[in-house]
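my_file.txt, holding compact mmCIF, C-alpha atoms:
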```
# COMPACT_ATOMS: atom_id res chain seq x y z
CA MET V 149 -10.20 10.33 -60.88
CA THR V 150 -10.85 7.13 -58.99
CA ASP V 151 -7.38 7.39 -57.47
CA LYS V 152 -8.12 10.78 -56.05
CA ARG V 153 -11.37 9.62 -54.58
CA PHE V 154 -9.58 6.71 -52.93
CA GLU V 155 -7.01 9.06 -51.55
CA GLN V 156 -9.69 11.25 -50.06
CA ARG V 157 -11.37 8.27 -48.56
CA ARG V 158 -8.08 7.22 -47.09
CA THR V 159 -7.44 10.55 -45.39
CA VAL V 160 -10.98 10.60 -44.05
CA LEU V 161 -10.57 7.10 -42.70
CA LYS V 162 -7.24 7.99 -41.15
CA GLY V 163 -8.77 11.01 -39.48
CA VAL V 164 -11.63 8.96 -38.08
CA ILE V 165 -9.32 6.29 -36.79
CA SER V 166 -6.93 8.67 -35.03
CA ALA V 167 -9.79 10.67 -33.55
CA SER V 168 -11.47 7.58 -32.19
CA THR V 169 -8.20 6.25 -30.77
CA LEU V 170 -7.56 9.54 -29.08
CA ALA V 171 -11.05 9.52 -27.59
CA LEU V 172 -10.54 5.97 -26.43
CA VAL V 173 -7.23 6.77 -24.84
CA ALA V 174 -8.67 9.81 -23.11
CA THR V 175 -11.73 8.00 -21.77
CA SER V 176 -9.85 4.92 -20.66
CA GLY V 177 -7.78 7.12 -18.39
CA LEU V 178 -4.50 6.24 -20.03
CA LEU V 179 -3.46 9.83 -19.80
CA LEU V 180 -3.96 9.99 -16.05
CA PRO V 181 -0.66 10.19 -14.18
CA GLN V 182 -1.16 6.90 -12.35
CA ARG V 183 -1.08 5.06 -15.68
CA VAL V 184 2.35 6.49 -16.32
CA LEU V 185 3.52 4.25 -13.51
CA ALA V 186 3.27 1.19 -15.69
CA HIS V 187 5.42 -0.74 -13.26
CA TRP V 188 2.87 -0.43 -10.48
CA PRO V 189 0.97 -3.73 -10.57
CA THR V 190 -2.51 -2.22 -10.80
CA ASP V 191 -4.29 -5.54 -11.22
CA ALA V 192 -2.71 -7.01 -8.13
CA PHE V 193 -3.49 -4.02 -5.95
CA ASN V 194 -7.05 -3.67 -7.23
CA SER V 195 -8.05 -7.30 -6.92
CA LYS V 196 -10.67 -8.13 -4.35
CA THR V 197 -9.46 -11.48 -3.06
CA VAL V 198 -6.18 -12.81 -1.75
CA GLU V 199 -6.01 -15.45 -4.51
CA ASP V 200 -6.52 -12.90 -7.29
CA ALA V 201 -3.94 -10.57 -5.82
CA LEU V 202 -1.33 -13.31 -5.55
CA LEU V 203 -2.09 -14.58 -9.03
CA ALA V 204 -1.71 -11.12 -10.49
CA LEU V 205 1.43 -10.36 -8.52
CA LEU V 206 3.32 -13.63 -8.48
CA GLY V 207 1.60 -15.71 -11.11
CA GLN V 208 0.49 -18.40 -8.70
CA ALA V 209 -1.71 -18.66 -5.65
CA GLU V 210 -0.82 -22.10 -4.30
CA ILE V 211 1.66 -21.71 -1.48
CA ALA V 212 2.63 -24.00 1.32
CA ASP V 213 2.62 -22.65 4.85
CA ASP V 214 6.07 -22.43 6.21
CA GLU V 215 7.72 -22.00 9.56
CA MET V 216 10.71 -20.24 8.03
CA VAL V 217 8.83 -16.97 7.90
CA LYS V 218 8.49 -15.21 11.22
CA PHE V 219 5.88 -12.59 11.20
CA LYS V 220 4.44 -10.29 13.81
CA VAL V 221 1.34 -8.15 13.55
CA GLY V 222 -0.06 -5.72 16.07
CA SER V 223 1.22 -4.73 19.42
CA PRO V 224 0.61 -6.69 21.56
CA PRO V 225 0.79 -9.39 18.88
CA SER V 226 -2.45 -10.38 17.18
CA TYR V 227 -4.34 -7.45 18.59
CA ALA V 228 -4.71 -3.87 17.44
CA VAL V 229 -6.68 -1.10 19.08
CA ASN V 230 -6.64 1.09 16.01
CA GLY V 231 -6.87 -0.60 12.64
CA ALA V 232 -5.60 2.52 10.89
CA SER V 233 -2.02 1.81 11.85
CA VAL V 234 -1.09 -1.69 12.82
CA PRO V 235 2.61 -2.41 13.15
CA ILE V 236 3.92 -5.41 11.27
CA GLU V 237 7.31 -7.05 11.27
CA VAL V 238 8.55 -9.67 8.84
CA GLN V 239 11.57 -11.78 9.73
CA SER V 240 12.85 -14.87 8.02
CA SER V 241 15.79 -17.22 8.00
CA LEU V 242 15.35 -17.80 4.26
CA LYS V 243 18.17 -16.89 1.93
CA ASP V 244 17.93 -15.17 -1.42
CA ILE V 245 14.64 -13.38 -0.80
CA GLN V 246 13.43 -11.58 -3.89
CA ARG V 247 10.01 -10.43 -2.96
CA ILE V 248 7.73 -10.01 0.02
CA ALA V 249 4.02 -9.40 -0.21
CA ILE V 250 1.77 -8.49 2.69
CA LEU V 251 -1.94 -9.09 2.40
CA VAL V 252 -4.92 -8.46 4.64
CA GLU V 253 -7.67 -10.92 3.81
CA LYS V 254 -10.74 -8.87 4.76
CA ASN V 255 -9.61 -5.53 3.34
CA PRO V 256 -11.47 -4.27 0.26
CA ASN V 257 -8.21 -4.68 -1.65
CA PRO V 258 -6.20 -7.32 0.18
CA LEU V 259 -2.73 -6.51 -1.12
CA ALA V 260 -1.19 -3.99 1.27
CA MET V 261 2.36 -3.81 0.00
CA SER V 262 4.84 -5.61 -2.14
CA LEU V 263 8.58 -5.31 -1.70
CA GLU V 264 11.29 -6.07 -4.18
CA LEU V 265 14.53 -6.72 -2.37
CA SER V 266 18.04 -6.65 -3.65
CA PRO V 267 20.50 -9.13 -2.10
CA SER V 268 21.89 -6.48 0.23
CA VAL V 269 18.61 -5.97 2.07
CA LYS V 270 18.32 -7.86 5.35
CA LEU V 271 15.24 -8.50 7.37
CA PRO V 272 13.47 -7.69 9.68
CA PHE V 273 11.33 -5.35 7.70
CA LYS V 274 8.94 -3.24 9.73
CA SER V 275 6.03 -1.10 8.64
CA MET V 276 2.48 -0.04 9.45
CA ILE V 277 -0.65 -1.16 7.65
CA LYS V 278 -4.39 -0.55 7.79
CA ILE V 279 -6.74 -3.35 8.70
CA ALA V 280 -10.48 -2.92 8.13
CA GLU V 281 -11.81 -5.58 10.49
CA ASP V 282 -10.75 -8.75 12.32
CA SER V 283 -8.84 -10.52 9.63
CA LEU V 284 -6.11 -12.88 8.62
CA VAL V 285 -2.90 -11.06 7.73
CA ILE V 286 -0.67 -12.97 5.35
CA ALA V 287 3.00 -12.54 4.52
CA VAL V 288 4.24 -14.22 1.37
CA ILE V 289 7.93 -14.50 0.65
CA ASN V 290 9.40 -15.43 -2.69
CA ALA V 291 12.85 -16.81 -2.05
CA GLY V 292 14.93 -18.63 -4.62
CA GLY V 293 11.91 -19.08 -6.88
CA LYS V 294 9.74 -20.68 -4.20
CA LEU V 295 6.89 -19.16 -2.27
CA TYR V 296 6.50 -19.32 1.48
CA LYS V 297 3.58 -18.06 3.48
CA THR V 298 2.73 -17.32 7.08
CA SER V 299 -0.49 -15.89 8.37
CA ARG V 300 -1.74 -14.37 11.61
CA MET V 301 -5.23 -13.64 12.82
CA VAL V 302 -5.52 -10.07 14.02
CA GLU V 303 -8.33 -8.59 16.05
CA VAL V 304 -9.06 -4.94 15.48
CA ASP V 305 -11.04 -2.67 17.80
CA ILE V 306 -11.59 0.20 15.40
CA GLY V 307 -11.61 -0.60 11.70
CA GLY V 308 -9.09 1.44 9.82
CA CYS V 309 -9.63 1.29 6.13
CA ALA V 310 -11.36 4.62 5.69
CA MET U 245 -1.35 27.45 8.26
CA ALA U 246 0.00 24.19 9.48
CA LEU U 247 3.66 23.56 9.08
CA LYS U 248 4.24 21.19 6.20
CA ALA U 249 5.49 17.90 7.53
CA LYS U 250 8.71 16.57 6.10
CA ASP U 251 9.78 13.13 5.06
CA ARG U 252 12.23 11.81 7.59
CA ILE U 253 14.95 9.28 7.11
CA ARG U 254 17.59 7.93 9.48
CA ALA U 255 20.35 5.48 8.75
CA LYS U 256 22.56 4.02 11.41
CA LEU U 257 25.50 1.67 11.15
CA LYS U 258 25.65 -0.96 13.84
CA GLU U 259 28.27 -3.67 13.68
CA ASP U 260 27.78 -5.16 10.24
CA GLU U 261 24.41 -3.75 9.32
CA THR U 262 22.94 -0.44 8.33
CA THR U 263 19.48 0.13 9.74
CA VAL U 264 17.35 2.49 7.70
CA ARG U 265 14.24 4.02 9.17
CA LEU U 266 11.91 5.99 7.02
CA LEU U 267 8.87 8.10 7.84
CA LEU U 268 7.00 9.75 5.00
CA ALA U 269 4.51 12.55 5.44
CA HIS U 270 1.52 11.53 3.39
CA PRO U 271 -2.24 11.33 4.10
CA MET U 272 -2.67 7.98 2.27
CA HIS U 273 -6.35 8.44 1.40
CA THR U 274 -7.82 5.19 0.14
CA GLY U 275 -10.67 6.79 -1.77
CA ARG U 276 -13.20 5.26 0.62
CA GLY U 277 -12.90 7.67 3.52
CA LYS U 278 -15.24 10.61 4.04
CA ASN U 279 -14.56 14.13 5.25
CA GLU U 280 -16.58 16.04 7.89
CA VAL U 281 -19.28 16.92 5.39
CA GLY U 282 -19.65 13.31 4.33
CA GLU U 283 -18.08 13.66 0.91
CA LEU U 284 -15.71 11.00 -0.31
CA ILE U 285 -12.06 11.99 -0.16
CA PRO U 286 -10.45 11.04 -3.46
CA ALA U 287 -7.76 8.39 -3.37
CA GLU U 288 -4.29 9.69 -2.74
CA PHE U 289 -1.67 7.20 -1.70
CA ILE U 290 1.97 6.46 -2.26
CA GLN U 291 2.43 3.75 -4.85
CA ASP U 292 6.11 3.38 -5.29
CA ILE U 293 9.07 3.96 -3.01
CA ARG U 294 12.60 3.32 -4.16
CA CYS U 295 15.69 3.28 -2.06
CA TRP U 296 19.29 3.67 -3.15
CA ARG U 297 22.55 3.20 -1.30
CA ASN U 298 25.10 5.39 -3.03
CA GLU U 299 24.44 4.49 -6.69
CA ASP U 300 22.84 1.07 -6.16
CA GLU U 301 19.13 0.55 -5.98
CA VAL U 302 18.51 -1.68 -2.99
CA LEU U 303 14.79 -1.80 -2.32
CA THR U 304 11.52 -1.10 -4.07
CA ILE U 305 8.35 -0.88 -2.04
CA LYS U 306 5.03 -0.89 -3.85
CA CYS U 307 2.21 0.25 -1.65
CA GLY U 308 -1.49 -0.32 -1.91
CA THR U 309 -4.14 1.69 -0.12
CA ALA U 310 -3.73 -0.48 2.96
CA THR U 311 -0.45 1.15 3.92
CA ALA U 312 -1.04 3.29 6.99
CA LYS U 313 -1.17 7.07 7.01
CA ASN U 314 2.28 8.65 7.25
CA PRO U 315 3.91 5.39 6.20
CA TYR U 316 6.75 4.06 8.31
CA PHE U 317 9.31 1.54 7.08
CA SER U 318 12.36 0.06 8.65
CA PHE U 319 14.83 -2.38 7.14
CA GLN U 320 18.46 -3.42 7.32
CA LEU U 321 21.15 -3.31 4.70
CA ALA U 322 24.05 -5.71 4.88
CA GLY U 323 27.44 -4.11 5.30
CA GLY U 324 27.88 -0.47 4.51
CA LYS U 325 30.18 2.13 5.96
CA LEU U 326 29.99 5.49 7.60
CA GLY U 327 29.30 8.18 5.06
CA ASP U 328 27.23 6.07 2.68
CA LYS U 329 24.43 8.05 1.15
CA ILE U 330 20.94 6.59 1.42
CA THR U 331 18.40 8.14 -0.93
CA ILE U 332 14.71 7.43 -1.25
CA ARG U 333 12.19 8.68 -3.74
CA TRP U 334 8.45 8.18 -3.73
CA VAL U 335 5.60 8.75 -6.17
CA ASP U 336 1.90 8.71 -5.38
CA ASN U 337 -1.11 7.86 -7.51
CA ILE U 338 -1.78 11.44 -8.56
CA GLY U 339 1.80 12.02 -9.57
CA ALA U 340 3.13 13.88 -6.53
CA LYS U 341 6.74 13.11 -5.79
CA GLY U 342 9.06 13.37 -2.87
CA SER U 343 12.55 12.45 -1.91
CA ALA U 344 14.76 12.27 1.13
CA GLU U 345 18.37 11.45 1.68
CA THR U 346 20.68 10.93 4.57
CA ILE U 347 24.25 9.99 5.36
CA VAL U 348 24.88 6.81 7.31
CA GLY U 349 26.06 7.73 10.78
```

Rendering of file as C-alpha cells:
Amino acid sequence: MTDKRFEQRRTVLKGVISASTLALVATSGLLLPQRVLAHWPTDAFNSKTVEDALLALLGQAEIADDEMVKFKVGSPPSYAVNGASVPIEVQSSLKDIQRIAILVEKNPNPLAMSLELSPSVKLPFKSMIKIAEDSLVIAVINAGGKLYKTSRMVEVDIGGCA
Amino acid sequence: MALKAKDRIRAKLKEDETTVRLLLAHPMHTGRGKNEVGELIPAEFIQDIRCWRNEDEVLTIKCGTATAKNPYFSFQLAGGKLGDKITIRWVDNIGAKGSAETIVG
C-alpha cells in the first residue's frame, strides 16, 4: 500500500520536474535557432566593453601594444564619411596567427568580428565594419599563444550602428 | 519585386597566393535600427561564415552586429592551384543559411 503511494508520488514528481524543465528551456530561449549555434561566442559578442569582450573571447584582457600588427581603418585612413561601412585592413608580419579580433570601442557591442585562421590563410584580411561614433578601433591578434594589439582612432561623419 | 541579390565569391591565383574575395547579400540588422514607421527592425545578422578549400576548412569568421551591411571580406590563401574549389557557407542569427562556391581561376 505504502509502496504504491510512493510510486504515485514519484510519477507526479517526475511529471512536475519535466514540465518545469521544459518551461524553463522554452522561456530561456534555448529552443531559438541562434542557441543552436553553440559555437558562436554569445557572451563575447554581447558584452558592452572592450575588456569584457576580450575576456570572454580570449580569456584575458591585458595585451601589449605592438608594432607588428599593421592595421588600416577608413578611407582615407582614420576618417570615414559613413559609419555604416568603414573599410578595414589587417596586415601583420607575425607568424602562426590563430585568431584575429576586431573591436570598436564606442559601439554598443564592441566586438565586430572574430576570425579563426588555419595556417594556410595569409594576411591582409579586408572587410567592412560599422562604427557608431568617433571611436578607437582595435585589432587583436593571437599568434603563437601571445596577444598583440594595435588601435586606431577613427572619425565618423554619420554614425552607422543603426 | 526586387531581384534577389546573390552571394558573390571570386578566387584568383596570383604567383604563390590565392586571393579570395567574398560579398554576401545580407541586410545585417543590428536590432537597434528603425524602419520608416519608427518601429525597431529585429536583429538579423550573419554570425558564422566558414570557408573551405577543396576539403580543408581554412577560415572561420564570426561576425557581430558591427559587421557592415552586405558584408565584404577579402583574404589570401597560401599556395593553391588552378581548379581548386573554394566553398563558403554562412548562417545568421535566425537560422537562415547560404552558400557560395567558386573555382580558382

Next on the checklist: Residues of chain V within 8 Å of chain U, counting all atoms listed in the file - could you list those as a ChimeraX atom specification?
Outcome noted: /V:180-182,188,193,232-234,255,257-279,309-310

Checklist outcome for this item: Counting all atoms listed in the file, closest pick from V:Ser299, V:Ser241, V:Gln246, V:Thr190 relative to Leu205 (chain V) is V:Thr190

Item to check | Between CA of Ser240 (chain V) and CA of Val217 (chain V), distance in Å (one decimal) | outcome: 4.5 Å

Item to check | Point-to-point distance from CA of Arg333 (chain U) to CA of Asp260 (chain U), Å rounded to tenths | outcome: 25.1 Å

Next on the checklist: Would you compute the distance between CA of Asp305 (chain V) and CA of Asp282 (chain V)? Give it in Å to one decimal.
Outcome noted: 8.2 Å

Next on the checklist: I'd like the contact shell of Asp251 (chain U) - 7 Å cut-off, only C-alpha atoms, skipping same-chain residues fewer than 4 positions apart - returned as a ChimeraX atom specification.
Outcome noted: /U:267-269,344

Residue completion, region 275-310 of chain V, N, CA and C atoms, as an mmCIF file, in the coordinates of the input:
```
data_model
loop_
_atom_site.group_PDB
_atom_site.id
_atom_site.type_symbol
_atom_site.label_atom_id
_atom_site.label_comp_id
_atom_site.auth_asym_id
_atom_site.auth_seq_id
_atom_site.Cartn_x
_atom_site.Cartn_y
_atom_site.Cartn_z
ATOM 1 N N SER V 275 6.854 -2.157 9.217
ATOM 2 C CA SER V 275 6.030 -1.100 8.640
ATOM 3 C C SER V 275 4.703 -1.034 9.372
ATOM 4 N N MET V 276 3.820 -0.177 8.881
ATOM 5 C CA MET V 276 2.480 -0.040 9.450
ATOM 6 C C MET V 276 1.459 -0.245 8.346
ATOM 7 N N ILE V 277 0.391 -0.978 8.654
ATOM 8 C CA ILE V 277 -0.650 -1.160 7.650
ATOM 9 C C ILE V 277 -2.023 -0.836 8.241
ATOM 10 N N LYS V 278 -3.004 -0.751 7.357
ATOM 11 C CA LYS V 278 -4.390 -0.550 7.790
ATOM 12 C C LYS V 278 -5.130 -1.875 7.702
ATOM 13 N N ILE V 279 -5.956 -2.133 8.697
ATOM 14 C CA ILE V 279 -6.740 -3.350 8.700
ATOM 15 C C ILE V 279 -8.198 -2.968 8.954
ATOM 16 N N ALA V 280 -9.097 -3.369 8.066
ATOM 17 C CA ALA V 280 -10.480 -2.920 8.130
ATOM 18 C C ALA V 280 -11.253 -3.569 9.265
ATOM 19 N N GLU V 281 -11.085 -4.867 9.445
ATOM 20 C CA GLU V 281 -11.810 -5.580 10.490
ATOM 21 C C GLU V 281 -10.970 -6.792 10.901
ATOM 22 N N ASP V 282 -11.481 -7.549 11.906
ATOM 23 C CA ASP V 282 -10.750 -8.750 12.320
ATOM 24 C C ASP V 282 -10.436 -9.576 11.093
ATOM 25 N N SER V 283 -9.189 -9.896 10.902
ATOM 26 C CA SER V 283 -8.840 -10.520 9.630
ATOM 27 C C SER V 283 -7.549 -11.302 9.738
ATOM 28 N N LEU V 284 -7.358 -12.152 8.764
ATOM 29 C CA LEU V 284 -6.110 -12.880 8.620
ATOM 30 C C LEU V 284 -5.136 -11.967 7.885
ATOM 31 N N VAL V 285 -3.936 -11.806 8.429
ATOM 32 C CA VAL V 285 -2.900 -11.060 7.730
ATOM 33 C C VAL V 285 -1.868 -12.065 7.237
ATOM 34 N N ILE V 286 -1.502 -11.960 5.979
ATOM 35 C CA ILE V 286 -0.670 -12.970 5.350
ATOM 36 C C ILE V 286 0.618 -12.341 4.836
ATOM 37 N N ALA V 287 1.739 -12.970 5.118
ATOM 38 C CA ALA V 287 3.000 -12.540 4.520
ATOM 39 C C ALA V 287 3.463 -13.639 3.581
ATOM 40 N N VAL V 288 3.760 -13.256 2.358
ATOM 41 C CA VAL V 288 4.240 -14.220 1.370
ATOM 42 C C VAL V 288 5.645 -13.818 0.971
ATOM 43 N N ILE V 289 6.553 -14.779 1.031
ATOM 44 C CA ILE V 289 7.930 -14.500 0.650
ATOM 45 C C ILE V 289 8.304 -15.343 -0.550
ATOM 46 N N ASN V 290 8.879 -14.719 -1.539
ATOM 47 C CA ASN V 290 9.400 -15.430 -2.690
ATOM 48 C C ASN V 290 10.914 -15.480 -2.561
ATOM 49 N N ALA V 291 11.410 -16.667 -2.247
ATOM 50 C CA ALA V 291 12.850 -16.810 -2.050
ATOM 51 C C ALA V 291 13.364 -17.934 -2.934
ATOM 52 N N GLY V 292 14.338 -17.629 -3.750
ATOM 53 C CA GLY V 292 14.930 -18.630 -4.620
ATOM 54 C C GLY V 292 13.893 -19.299 -5.520
ATOM 55 N N GLY V 293 12.895 -18.540 -5.957
ATOM 56 C CA GLY V 293 11.910 -19.080 -6.880
ATOM 57 C C GLY V 293 10.766 -19.831 -6.218
ATOM 58 N N LYS V 294 10.823 -19.993 -4.895
ATOM 59 C CA LYS V 294 9.740 -20.680 -4.200
ATOM 60 C C LYS V 294 8.972 -19.703 -3.335
ATOM 61 N N LEU V 295 7.713 -20.051 -3.077
ATOM 62 C CA LEU V 295 6.890 -19.160 -2.270
ATOM 63 C C LEU V 295 6.656 -19.763 -0.887
ATOM 64 N N TYR V 296 6.751 -18.906 0.117
ATOM 65 C CA TYR V 296 6.500 -19.320 1.480
ATOM 66 C C TYR V 296 5.481 -18.373 2.078
ATOM 67 N N LYS V 297 4.661 -18.882 2.952
ATOM 68 C CA LYS V 297 3.580 -18.060 3.480
ATOM 69 C C LYS V 297 3.425 -18.284 4.977
ATOM 70 N N THR V 298 3.118 -17.219 5.680
ATOM 71 C CA THR V 298 2.730 -17.320 7.080
ATOM 72 C C THR V 298 1.566 -16.390 7.295
ATOM 73 N N SER V 299 0.627 -16.784 8.124
ATOM 74 C CA SER V 299 -0.490 -15.890 8.370
ATOM 75 C C SER V 299 -0.776 -15.775 9.862
ATOM 76 N N ARG V 300 -1.374 -14.660 10.223
ATOM 77 C CA ARG V 300 -1.740 -14.370 11.610
ATOM 78 C C ARG V 300 -3.147 -13.811 11.613
ATOM 79 N N MET V 301 -3.908 -14.236 12.625
ATOM 80 C CA MET V 301 -5.230 -13.640 12.820
ATOM 81 C C MET V 301 -5.042 -12.386 13.668
ATOM 82 N N VAL V 302 -5.626 -11.299 13.248
ATOM 83 C CA VAL V 302 -5.520 -10.070 14.020
ATOM 84 C C VAL V 302 -6.906 -9.557 14.364
ATOM 85 N N GLU V 303 -7.069 -9.192 15.640
ATOM 86 C CA GLU V 303 -8.330 -8.590 16.050
ATOM 87 C C GLU V 303 -8.156 -7.083 16.093
ATOM 88 N N VAL V 304 -9.142 -6.393 15.564
ATOM 89 C CA VAL V 304 -9.060 -4.940 15.480
ATOM 90 C C VAL V 304 -10.234 -4.335 16.239
ATOM 91 N N ASP V 305 -9.970 -3.352 17.070
ATOM 92 C CA ASP V 305 -11.040 -2.670 17.800
ATOM 93 C C ASP V 305 -11.774 -1.688 16.907
ATOM 94 N N ILE V 306 -11.009 -0.803 16.281
ATOM 95 C CA ILE V 306 -11.590 0.200 15.400
ATOM 96 C C ILE V 306 -11.098 -0.090 13.997
ATOM 97 N N GLY V 307 -12.009 -0.317 13.084
ATOM 98 C CA GLY V 307 -11.610 -0.600 11.700
ATOM 99 C C GLY V 307 -10.879 0.587 11.122
ATOM 100 N N GLY V 308 -9.916 0.320 10.279
ATOM 101 C CA GLY V 308 -9.090 1.440 9.820
ATOM 102 C C GLY V 308 -8.863 1.479 8.337
ATOM 103 N N CYS V 309 -9.915 1.225 7.555
ATOM 104 C CA CYS V 309 -9.630 1.290 6.130
ATOM 105 C C CYS V 309 -10.358 2.438 5.475
ATOM 106 N N ALA V 310 -10.653 3.476 6.257
ATOM 107 C CA ALA V 310 -11.360 4.620 5.690
ATOM 108 C C ALA V 310 -10.395 5.451 4.869
#
```
